[in-house]
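Okay, query_6.cif is below, mmCIF, C-alpha atoms and all ligand atoms:
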```
data_structure
loop_
_atom_site.label_atom_id
_atom_site.label_comp_id
_atom_site.auth_asym_id
_atom_site.auth_seq_id
_atom_site.Cartn_x
_atom_site.Cartn_y
_atom_site.Cartn_z
CA MET A 7 152.23 50.69 -117.75
CA SER A 8 153.01 52.53 -120.96
CA ALA A 9 155.07 55.65 -121.25
CA LEU A 10 153.58 59.05 -121.99
CA LEU A 11 156.94 60.77 -122.32
CA GLU A 12 160.47 59.35 -122.29
CA VAL A 13 163.60 61.45 -122.04
CA ASP A 14 166.26 58.88 -122.82
CA ALA A 15 169.93 59.74 -122.05
CA VAL A 16 169.49 63.23 -123.47
CA SER A 17 172.32 65.78 -123.67
CA LYS A 18 172.44 69.19 -125.29
CA SER A 19 175.54 71.27 -125.92
CA PHE A 20 175.72 74.76 -127.39
CA PRO A 21 178.75 76.37 -128.98
CA MET A 22 180.20 78.99 -126.66
CA GLY A 23 181.08 82.34 -128.14
CA GLY A 24 179.34 81.95 -131.49
CA LEU A 25 178.44 79.23 -133.95
CA LEU A 26 181.98 78.71 -135.22
CA SER A 27 183.52 78.34 -131.80
CA ARG A 28 184.86 74.91 -130.83
CA GLU A 29 184.19 75.35 -127.17
CA GLN A 30 180.89 73.91 -126.02
CA ILE A 31 178.69 74.54 -123.05
CA GLU A 32 176.93 71.44 -121.78
CA ALA A 33 173.48 72.84 -120.99
CA VAL A 34 171.93 69.42 -120.31
CA VAL A 35 173.90 66.21 -119.65
CA ASP A 36 172.58 62.67 -119.86
CA ILE A 37 169.06 63.16 -118.54
CA ASP A 38 166.57 60.32 -118.11
CA VAL A 39 162.92 60.88 -117.24
CA THR A 40 159.89 58.67 -117.79
CA LEU A 41 156.32 59.90 -117.29
CA LEU A 42 153.57 57.28 -117.42
CA GLN A 43 150.29 57.48 -119.31
CA ASP A 44 148.01 56.36 -116.54
CA ARG A 45 149.74 58.18 -113.72
CA PRO A 46 149.18 61.93 -114.12
CA GLU A 47 151.60 63.78 -111.88
CA ILE A 48 153.33 67.03 -111.15
CA PHE A 49 156.96 66.44 -112.03
CA THR A 50 159.07 69.34 -110.84
CA ILE A 51 162.46 70.42 -112.11
CA VAL A 52 164.41 72.72 -109.79
CA GLY A 53 167.86 74.27 -109.92
CA GLU A 54 169.49 77.66 -109.92
CA SER A 55 169.69 79.91 -112.96
CA GLY A 56 171.70 78.26 -115.73
CA SER A 57 171.19 74.69 -114.50
CA GLY A 58 169.55 73.67 -117.78
CA LYS A 59 165.86 73.64 -116.85
CA THR A 60 164.63 75.76 -119.75
CA THR A 61 166.84 73.91 -122.23
CA LEU A 62 165.31 70.64 -121.08
CA ALA A 63 161.81 72.12 -121.47
CA ARG A 64 162.65 73.30 -125.01
CA LEU A 65 164.04 69.86 -125.87
CA ILE A 66 160.83 68.20 -124.68
CA LEU A 67 158.75 70.65 -126.74
CA GLY A 68 160.81 69.77 -129.80
CA LEU A 69 162.12 73.37 -130.03
CA GLU A 70 165.71 72.12 -129.68
CA THR A 71 167.26 68.91 -130.99
CA PRO A 72 169.27 66.78 -128.54
CA THR A 73 173.02 66.50 -129.17
CA ARG A 74 172.73 62.92 -127.87
CA GLY A 75 169.84 60.73 -126.78
CA GLU A 76 166.18 60.76 -127.77
CA ILE A 77 162.85 62.10 -126.50
CA ARG A 78 159.71 60.10 -127.24
CA HIS A 79 156.06 61.01 -126.83
CA LEU A 80 153.78 57.96 -126.87
CA GLY A 81 156.70 55.98 -128.26
CA GLN A 82 157.35 58.35 -131.19
CA PRO A 83 160.46 60.55 -131.40
CA VAL A 84 159.75 64.23 -130.74
CA GLY A 85 160.98 67.07 -132.93
CA ALA A 86 163.09 66.51 -136.03
CA GLY A 87 161.29 64.51 -138.67
CA ARG A 88 157.83 65.16 -137.30
CA PHE A 89 155.93 67.39 -139.62
CA GLY A 90 152.34 67.96 -140.69
CA ALA A 91 149.70 65.95 -138.89
CA GLN A 92 152.18 64.27 -136.52
CA ARG A 93 153.64 67.57 -135.40
CA HIS A 94 150.15 69.03 -135.05
CA ALA A 95 149.01 66.14 -132.83
CA PHE A 96 152.13 66.48 -130.69
CA MET A 97 151.65 70.25 -130.33
CA SER A 98 148.12 69.84 -129.10
CA ALA A 99 149.10 67.12 -126.61
CA VAL A 100 152.17 68.84 -125.16
CA GLN A 101 151.65 72.52 -124.42
CA PRO A 102 153.91 75.16 -122.88
CA VAL A 103 152.91 77.71 -120.25
CA PHE A 104 155.45 80.51 -120.11
CA GLN A 105 156.77 82.67 -117.31
CA ASN A 106 155.39 85.97 -118.51
CA PRO A 107 151.80 85.71 -119.73
CA PHE A 108 152.01 89.21 -121.25
CA GLU A 109 154.69 87.93 -123.64
CA ALA A 110 152.66 84.86 -124.54
CA PHE A 111 149.83 86.99 -125.97
CA ASN A 112 150.02 89.60 -128.71
CA PRO A 113 148.95 92.86 -127.02
CA LEU A 114 146.93 93.86 -130.08
CA LYS A 115 144.88 90.67 -130.24
CA ARG A 116 141.86 90.01 -128.05
CA VAL A 117 142.33 87.09 -125.68
CA ASP A 118 139.08 85.40 -126.78
CA ARG A 119 140.28 85.51 -130.40
CA TYR A 120 143.37 83.52 -129.36
CA LEU A 121 141.27 80.88 -127.73
CA ALA A 122 138.91 80.74 -130.70
CA SER A 123 141.74 80.27 -133.20
CA THR A 124 143.21 77.53 -130.99
CA ALA A 125 139.83 75.76 -130.94
CA ARG A 126 139.59 75.99 -134.73
CA ALA A 127 143.18 74.87 -135.38
CA PHE A 128 143.56 72.11 -132.80
CA ARG A 129 140.04 70.84 -132.29
CA SER A 130 138.88 71.33 -135.87
CA LEU A 131 135.76 73.07 -134.59
CA THR A 132 133.99 75.27 -137.12
CA ARG A 133 130.59 76.23 -135.70
CA ARG A 134 130.63 79.34 -133.55
CA ALA A 135 128.52 77.74 -130.82
CA GLU A 136 130.88 74.74 -130.60
CA ILE A 137 133.93 76.99 -130.49
CA GLU A 138 132.44 79.14 -127.74
CA ALA A 139 131.39 76.08 -125.73
CA ALA A 140 134.95 74.67 -125.91
CA MET A 141 136.42 78.05 -124.91
CA ASP A 142 134.01 78.50 -122.03
CA ALA A 143 134.61 74.96 -120.73
CA ALA A 144 138.39 75.53 -120.70
CA LEU A 145 138.00 78.94 -119.06
CA VAL A 146 135.69 77.53 -116.39
CA ASP A 147 138.33 74.85 -115.70
CA VAL A 148 140.79 77.62 -114.79
CA GLY A 149 138.30 79.65 -112.75
CA LEU A 150 137.35 82.16 -115.47
CA SER A 151 134.52 82.28 -117.98
CA LEU A 152 134.02 83.41 -121.56
CA GLU A 153 131.82 86.24 -120.32
CA GLU A 154 134.68 87.59 -118.18
CA ILE A 155 137.22 87.74 -120.98
CA ARG A 156 135.04 88.39 -124.02
CA GLY A 157 136.30 91.34 -126.04
CA ARG A 158 139.22 92.05 -123.70
CA TYR A 159 142.83 92.66 -124.64
CA PRO A 160 145.75 91.21 -122.59
CA HIS A 161 146.42 94.51 -120.76
CA GLU A 162 142.80 94.56 -119.59
CA LEU A 163 143.39 91.40 -117.53
CA SER A 164 145.54 90.96 -114.42
CA GLY A 165 148.73 88.87 -114.64
CA GLY A 166 147.00 86.07 -112.73
CA GLN A 167 143.94 86.13 -115.00
CA LEU A 168 146.11 86.18 -118.11
CA GLN A 169 148.22 83.27 -116.87
CA ARG A 170 145.01 81.33 -116.27
CA ALA A 171 143.83 82.26 -119.77
CA ALA A 172 147.16 80.91 -121.10
CA ILE A 173 146.50 77.63 -119.29
CA ALA A 174 142.94 77.62 -120.66
CA ARG A 175 144.37 77.91 -124.15
CA ALA A 176 146.38 74.73 -123.51
CA LEU A 177 143.20 73.05 -122.25
CA VAL A 178 141.30 74.03 -125.39
CA CYS A 179 143.87 71.84 -127.20
CA GLU A 180 143.06 69.02 -124.77
CA ALA A 181 146.72 68.91 -123.76
CA ARG A 182 147.85 65.87 -121.78
CA ILE A 183 151.15 67.45 -120.72
CA LEU A 184 151.68 71.05 -119.62
CA ILE A 185 155.24 72.32 -119.47
CA ALA A 186 155.05 75.23 -117.07
CA ASP A 187 158.34 77.16 -116.95
CA GLU A 188 158.32 79.43 -113.88
CA PRO A 189 154.57 80.03 -114.34
CA VAL A 190 154.16 81.96 -111.10
CA SER A 191 157.32 84.02 -110.89
CA MET A 192 155.78 87.03 -112.69
CA VAL A 193 152.42 86.71 -110.98
CA ASP A 194 151.50 88.75 -107.93
CA ALA A 195 152.36 86.86 -104.73
CA SER A 196 148.74 86.89 -103.61
CA LEU A 197 147.66 85.07 -106.79
CA ARG A 198 150.48 82.53 -106.90
CA MET A 199 148.73 79.94 -104.84
CA ALA A 200 145.67 80.17 -107.08
CA ILE A 201 147.80 79.18 -110.09
CA VAL A 202 149.67 76.49 -108.17
CA ASN A 203 146.39 75.03 -106.89
CA LEU A 204 145.03 75.16 -110.42
CA LEU A 205 147.92 72.96 -111.65
CA ARG A 206 147.09 70.51 -108.91
CA ARG A 207 143.41 70.50 -109.84
CA LEU A 208 144.23 69.87 -113.50
CA ARG A 209 146.22 66.82 -112.46
CA ASP A 210 143.48 65.49 -110.18
CA ASP A 211 140.36 66.35 -112.18
CA LYS A 212 141.56 66.28 -115.78
CA GLY A 213 144.45 63.79 -115.62
CA VAL A 214 146.91 66.38 -116.97
CA THR A 215 150.60 65.75 -116.29
CA VAL A 216 152.48 68.93 -115.39
CA ILE A 217 156.20 69.45 -115.78
CA TYR A 218 156.68 72.31 -113.33
CA ILE A 219 159.92 74.24 -113.64
CA THR A 220 160.79 76.53 -110.76
CA HIS A 221 163.38 78.09 -108.48
CA ASP A 222 160.85 78.04 -105.70
CA LEU A 223 161.24 75.10 -103.34
CA ALA A 224 158.21 76.11 -101.27
CA THR A 225 155.68 75.67 -104.11
CA ALA A 226 157.68 72.65 -105.33
CA TYR A 227 157.23 71.01 -101.94
CA TYR A 228 153.57 71.89 -101.89
CA ILE A 229 152.48 70.48 -105.25
CA SER A 230 155.05 68.03 -106.61
CA ASP A 231 154.73 64.29 -106.80
CA ARG A 232 158.29 63.86 -107.99
CA ILE A 233 161.18 66.27 -108.11
CA MET A 234 164.40 66.41 -110.11
CA ILE A 235 167.17 68.71 -108.90
CA MET A 236 169.63 69.94 -111.54
CA GLN A 237 173.07 71.47 -111.09
CA LYS A 238 174.89 72.79 -114.17
CA GLY A 239 173.05 70.53 -116.59
CA ARG A 240 173.20 67.32 -114.56
CA VAL A 241 170.58 65.71 -112.36
CA VAL A 242 172.03 65.48 -108.85
CA GLU A 243 169.02 64.05 -107.08
CA THR A 244 165.57 62.83 -108.03
CA GLY A 245 162.67 61.04 -106.39
CA PRO A 246 159.38 61.48 -104.55
CA ALA A 247 159.27 65.20 -103.73
CA ARG A 248 158.62 65.03 -100.00
CA ARG A 249 161.13 62.27 -99.46
CA VAL A 250 163.83 64.22 -101.34
CA LEU A 251 163.05 67.60 -99.80
CA ASN A 252 162.59 66.32 -96.26
CA ALA A 253 166.03 64.69 -96.29
CA PRO A 254 168.07 65.81 -99.31
CA GLN A 255 171.16 63.66 -99.82
CA HIS A 256 173.23 65.64 -102.34
CA PRO A 257 175.18 68.68 -101.07
CA TYR A 258 173.64 70.87 -103.80
CA SER A 259 170.11 69.80 -102.83
CA ARG A 260 170.95 70.55 -99.20
CA LEU A 261 172.30 73.94 -100.21
CA LEU A 262 169.11 74.77 -102.12
CA LYS A 263 167.04 73.79 -99.12
CA ALA A 264 169.24 75.78 -96.73
CA SER A 265 168.87 78.80 -99.01
CA VAL A 266 165.16 78.94 -98.23
CA LEU A 267 165.19 80.98 -95.06
CA SER A 268 162.73 80.15 -92.39
CA ALA A 269 160.73 83.11 -91.13
CA ALA A 270 162.48 82.69 -87.77
CA ASP A 271 165.97 82.89 -89.32
CA ALA A 272 165.09 85.94 -91.35
CA GLY A 273 163.50 87.60 -88.32
CA GLN A 274 166.70 87.10 -86.33
CA GLY A 275 168.81 88.51 -89.15
CA ASN A 276 170.39 85.08 -89.51
CA LEU A 277 171.33 85.46 -93.16
CA ALA A 278 174.77 83.83 -93.27
CA PRO A 279 175.07 81.51 -96.27
CA ALA A 280 175.69 77.88 -95.48
CA GLN A 281 179.38 78.06 -96.36
CA ASP A 282 180.09 74.39 -95.67
CA LEU A 283 177.22 73.29 -97.91
CA PHE A 284 178.33 75.71 -100.61
CA GLU A 285 181.85 74.25 -100.57
CA ALA A 286 180.60 70.66 -100.57
CA SER A 287 178.32 71.49 -103.49
CA GLN A 288 181.21 73.04 -105.46
CA GLU A 289 183.36 69.97 -104.76
CA ALA A 290 180.59 67.69 -106.02
CA LEU A 291 180.38 69.80 -109.18
CA GLU A 292 184.11 69.43 -109.81
CA VAL A 293 183.90 65.64 -109.79
CA ALA A 294 180.53 65.47 -111.59
CA ARG A 295 182.12 64.01 -114.74
CA ASP A 296 183.24 60.96 -112.78
CA SER A 297 180.02 60.47 -110.91
CA ARG A 298 176.89 58.40 -111.37
CA MET A 299 173.39 58.12 -110.02
CA ILE A 300 173.01 55.72 -107.09
CA ASP A 301 169.62 54.15 -106.40
CA LEU A 302 168.52 54.72 -102.80
CA GLY A 303 165.23 52.82 -103.20
CA GLU A 304 161.61 53.94 -103.59
CA GLY A 305 162.49 55.86 -106.75
CA HIS A 306 164.96 58.11 -104.93
CA SER A 307 168.43 58.43 -106.45
CA VAL A 308 171.40 60.68 -105.88
CA ARG A 309 174.61 61.50 -107.74
CA ARG A 310 177.77 60.26 -106.10
CA ALA A 311 181.42 60.35 -107.13
CA GLY A 312 183.12 57.23 -108.46
N1 LIG B 401 170.74 78.89 -127.39
C1 LIG B 401 171.77 78.85 -126.55
N2 LIG B 401 173.02 79.12 -126.96
C2 LIG B 401 174.07 79.08 -126.10
N3 LIG B 401 173.97 78.76 -124.81
C3 LIG B 401 172.75 78.49 -124.32
C4 LIG B 401 171.58 78.53 -125.15
N4 LIG B 401 170.50 78.22 -124.38
C5 LIG B 401 170.98 78.00 -123.13
N5 LIG B 401 172.32 78.16 -123.10
C6 LIG B 401 173.19 77.98 -121.92
O1 LIG B 401 172.88 76.73 -121.33
C7 LIG B 401 172.91 76.83 -119.92
C8 LIG B 401 171.56 76.39 -119.34
O2 LIG B 401 170.60 77.41 -119.63
P1 LIG B 401 169.05 77.29 -119.27
O3 LIG B 401 168.39 78.53 -119.77
O4 LIG B 401 168.55 75.99 -119.75
O5 LIG B 401 169.09 77.30 -117.67
P2 LIG B 401 167.89 77.52 -116.64
O6 LIG B 401 168.13 76.56 -115.53
O7 LIG B 401 166.60 77.42 -117.34
O8 LIG B 401 168.12 79.00 -116.15
P3 LIG B 401 167.01 80.11 -115.73
O9 LIG B 401 166.41 79.63 -114.45
O10 LIG B 401 167.82 81.36 -115.59
O11 LIG B 401 166.01 80.19 -116.86
C9 LIG B 401 173.28 78.25 -119.58
O12 LIG B 401 174.66 78.31 -119.33
C10 LIG B 401 172.91 79.01 -120.83
O13 LIG B 401 173.72 80.15 -120.97
#
```
Once you've parsed the file, please lay out its structure as structure tokens.
Ligand SMILES: Nc1ncnc2c1ncn2[C@@H]1O[C@H](COP(=O)(O)OP(=O)(O)OP(=O)(O)O)[C@@H](O)[C@H]1O
Amino acid sequence: MSALLEVDAVSKSFPMGGLLSREQIEAVVDIDVTLLQDRPEIFTIVGESGSGKTTLARLILGLETPTRGEIRHLGQPVGAGRFGAQRHAFMSAVQPVFQNPFEAFNPLKRVDRYLASTARAFRSLTRRAEIEAAMDAALVDVGLSLEEIRGRYPHELSGGQLQRAAIARALVCEARILIADEPVSMVDASLRMAIVNLLRRLRDDKGVTVIYITHDLATAYYISDRIMIMQKGRVVETGPARRVLNAPQHPYSRLLKASVLSAADAGQGNLAPAQDLFEASQEALEVARDSRMIDLGEGHSVRRAG
């Protein structure tokens, strides 16, 4: 089976305290991921704030250049050196969906105009009827229609509608990979499941692969095929989502899971942090440099010292 996207031993460091500083922060360390062409999936990246999720997303989008390693899309290196038609083809195939849909759209530009310019630029459509048909098809795929958004500005739509319009824009490009960085965290709780279910439907009906970046283990459990848990730039555990989340093996993964309070715990005021898990997770972090990923079988692997 051929690879759709390969993240091959990728690391990214940033200078700390300004460009001329010698100290470096390792935002992403030695990450490997392979997504296959004929196996659309929801691949979820979880980890607390600062664990490197957004940096990894930006590397995949070619918005950052790896310090080490290489990212390939359909066998071709992403980012540096890809200009013109190659860059254009990559941009239409790999599309971001951002956290705050209101920031993704210019408030002074009508939402339908955005979709129309995307159809012209990425699908090379010129006739108005063709452009509108492509826009409507993408909007229908996300549960909207051209009639609903025609002539409307971003502030005239709800956060959930606008996030769906942002996803429709990616579909107008005929994207094969969506990189959705916290796509539901700014959306009203009541509409979150609609967006999450939409991602699932895009995988099942359209064969779109979704890289879903989140803090939220509940939605991760609900929609992910595979999960990758990151702690301070390193992968600590990865594998089939239910297998990993049902019985996490790394102390940090266990801590993340324990941090999701059950309704019963919260109701009983049982809010004490899992101190033992926190300490074990900190200890694992201290020895992370001398650790490696151990294969546990069935695609599940965990970081262990030594
Ligand atoms: N351009 C940059 N310059 C310097 N440091 C950076 C830069 N981008 C990210 N970092 C640092 O790299 C680390 C990882 O950041 P990143 O934003 O990737 O984490 P994250 O897991 O996405 O966090 P969040 O969930 O808060 O978005 C952080 O310590 C961050 O401060």
Any idea what's packed within 12 Å of stretch 15-21 of chain A, counting all atoms listed in the file, ignoring anything in its chain fewer than 4 positions away? Could you give it as JSON, numbers by chain? {"A": [25, 26, 27, 28, 29, 30, 31, 32, 33, 34, 35, 36, 37, 38, 39, 40, 58, 59, 60, 61, 62, 63, 64, 65, 66, 70, 71, 72, 73, 74, 75, 76, 77, 78, 238, 239, 240, 241]}
Between A:Glu162, A:Asp14, A:Asp210, A:Asp222, single out the one closest to ligand LIG 401 (chain B), counting all atoms listed in the file. A:Asp222
Counting all atoms listed in the file, which residue out of A:Phe108, A:Tyr218, A:Tyr227, A:Tyr120 sits closest to ligand LIG 401 (chain B)?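 Among A:Phe108, A:Tyr218, A:Tyr227, A:Tyr120, it is A:Tyr218 that comes nearest to ligand LIG 401 (chain B).
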What would the list of residues within 9 Å of (159.1, 65.5, -128.5) (file frame) look like as a count of residues only, if only C-alpha atoms are what count? 20
List the neighbours of A:Gly165 out to 10 Å using all atoms listed in the file; skip same-chain residues closer than 4 positions along the sequence, and give me the result as a PyMOL selection string. chain A and resi 106-108+160-161+169-171+190+192-194+197
To one decimal place in Å, what is the distance between atom CA of A:Leu41 and atom CA of A:Ala9?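 Going from atom CA of A:Leu41 over to atom CA of A:Ala9 covers 5.9 Å.
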How many Å lie between atom CA of A:Glu47 and atom CA of A:Gly305, rounded to one decimal? 14.4 Å
List the neighbours of A:Arg309 out to 12 Å using only C-alpha atoms; skip same-chain residues closer than 3 positions along the sequence, and give me the result as an NGL selection string. :A and (234-237 or 240-244 or 254-259 or 287 or 290-291 or 293-302 or 306 or 312)
Can you tell me how far atom CA of A:Thr225 sits from atom CA of A:Asn203, in Å to one decimal?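 So the answer is 9.7 Å.
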Closest of A:Ser8, A:Asn252, A:Gln105, A:Gln288 to A:Leu80 - atom-to-atom distances counting only C-alpha atoms: A:Ser8
Can I get the residues of stretch 147-225 of chain A within 7 Å of stretch 122-132 of chain A, each with the closest pair of atoms and their distance in Å to one decimal, using all atoms listed in the file, sorted chain first then ascending number, as a Markdown table?
```
| residue | atom | partner | partner_atom | distance |
| --- | --- | --- | --- | --- |
| A:Arg175 | CA | A:Thr124 | CA | 6.9 |
| A:Val178 | CA | A:Ala125 | CA | 6.0 |
| A:Cys179 | CA | A:Phe128 | CA | 5.6 |
```
For A:Glu54: contacts at 7 Å, only C-alpha atoms, fewer than 2 positions along chain excluded, given as an mmCIF file with C-alpha atoms, keeping the file's coordinate frame:
```cif
data_model
loop_
_atom_site.group_PDB
_atom_site.id
_atom_site.type_symbol
_atom_site.label_atom_id
_atom_site.label_comp_id
_atom_site.auth_asym_id
_atom_site.auth_seq_id
_atom_site.Cartn_x
_atom_site.Cartn_y
_atom_site.Cartn_z
ATOM 1 C CA GLY A 56 171.700 78.260 -115.730
ATOM 2 C CA SER A 57 171.190 74.690 -114.500
ATOM 3 C CA HIS A 221 163.380 78.090 -108.480
#
```
Between A:Glu304, A:Asp231, A:Asp211, A:Glu109, which is the closest to A:Val148 once you count all atoms listed in the file? A:Asp211
Have a look at A:Ala135, A:Val52, A:Ile155, A:Leu42 and name the one nearest to ligand LIG 401 (chain B); count only C-alpha atoms and all ligand atoms.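 Smallest distance to ligand LIG 401 (chain B) is found for A:Val52.
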With distances taken over only C-alpha atoms and all ligand atoms, the candidate from A:Pro246, A:Pro189, A:Gly213, A:Pro113 nearest ligand LIG 401 (chain B) is A:Pro189
Write a file for stretch 108-130 of chain A of the given structure; include C-alpha atoms and format it as a PDB file, in the first residue's frame.
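Saved file out-v1.pdb follows:
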```pdb
ATOM      1  CA  PHE A 108     -13.809  33.787  12.780  1.00  0.00           C
ATOM      2  CA  GLU A 109     -10.046  34.254  12.359  1.00  0.00           C
ATOM      3  CA  ALA A 110      -9.954  32.076   9.260  1.00  0.00           C
ATOM      4  CA  PHE A 111     -12.290  34.426   7.365  1.00  0.00           C
ATOM      5  CA  ASN A 112     -11.832  38.126   6.692  1.00  0.00           C
ATOM      6  CA  PRO A 113     -14.801  39.806   8.438  1.00  0.00           C
ATOM      7  CA  LEU A 114     -15.247  42.196   5.512  1.00  0.00           C
ATOM      8  CA  LYS A 115     -15.489  39.504   2.852  1.00  0.00           C
ATOM      9  CA  ARG A 116     -18.640  37.510   2.159  1.00  0.00           C
ATOM     10  CA  VAL A 117     -18.279  33.810   2.881  1.00  0.00           C
ATOM     11  CA  ASP A 118     -19.579  32.791  -0.568  1.00  0.00           C
ATOM     12  CA  ARG A 119     -16.910  34.986  -2.187  1.00  0.00           C
ATOM     13  CA  TYR A 120     -14.233  32.984  -0.344  1.00  0.00           C
ATOM     14  CA  LEU A 121     -15.606  29.737  -1.612  1.00  0.00           C
ATOM     15  CA  ALA A 122     -15.923  31.108  -5.143  1.00  0.00           C
ATOM     16  CA  SER A 123     -12.314  32.321  -5.214  1.00  0.00           C
ATOM     17  CA  THR A 124     -11.169  28.933  -3.902  1.00  0.00           C
ATOM     18  CA  ALA A 125     -13.103  27.192  -6.701  1.00  0.00           C
ATOM     19  CA  ARG A 126     -11.513  29.480  -9.287  1.00  0.00           C
ATOM     20  CA  ALA A 127      -7.973  29.171  -7.908  1.00  0.00           C
ATOM     21  CA  PHE A 128      -7.845  25.480  -7.034  1.00  0.00           C
ATOM     22  CA  ARG A 129     -10.309  23.888  -9.415  1.00  0.00           C
ATOM     23  CA  SER A 130      -9.644  26.207 -12.350  1.00  0.00           C
TER      24      SER A 130
END
```
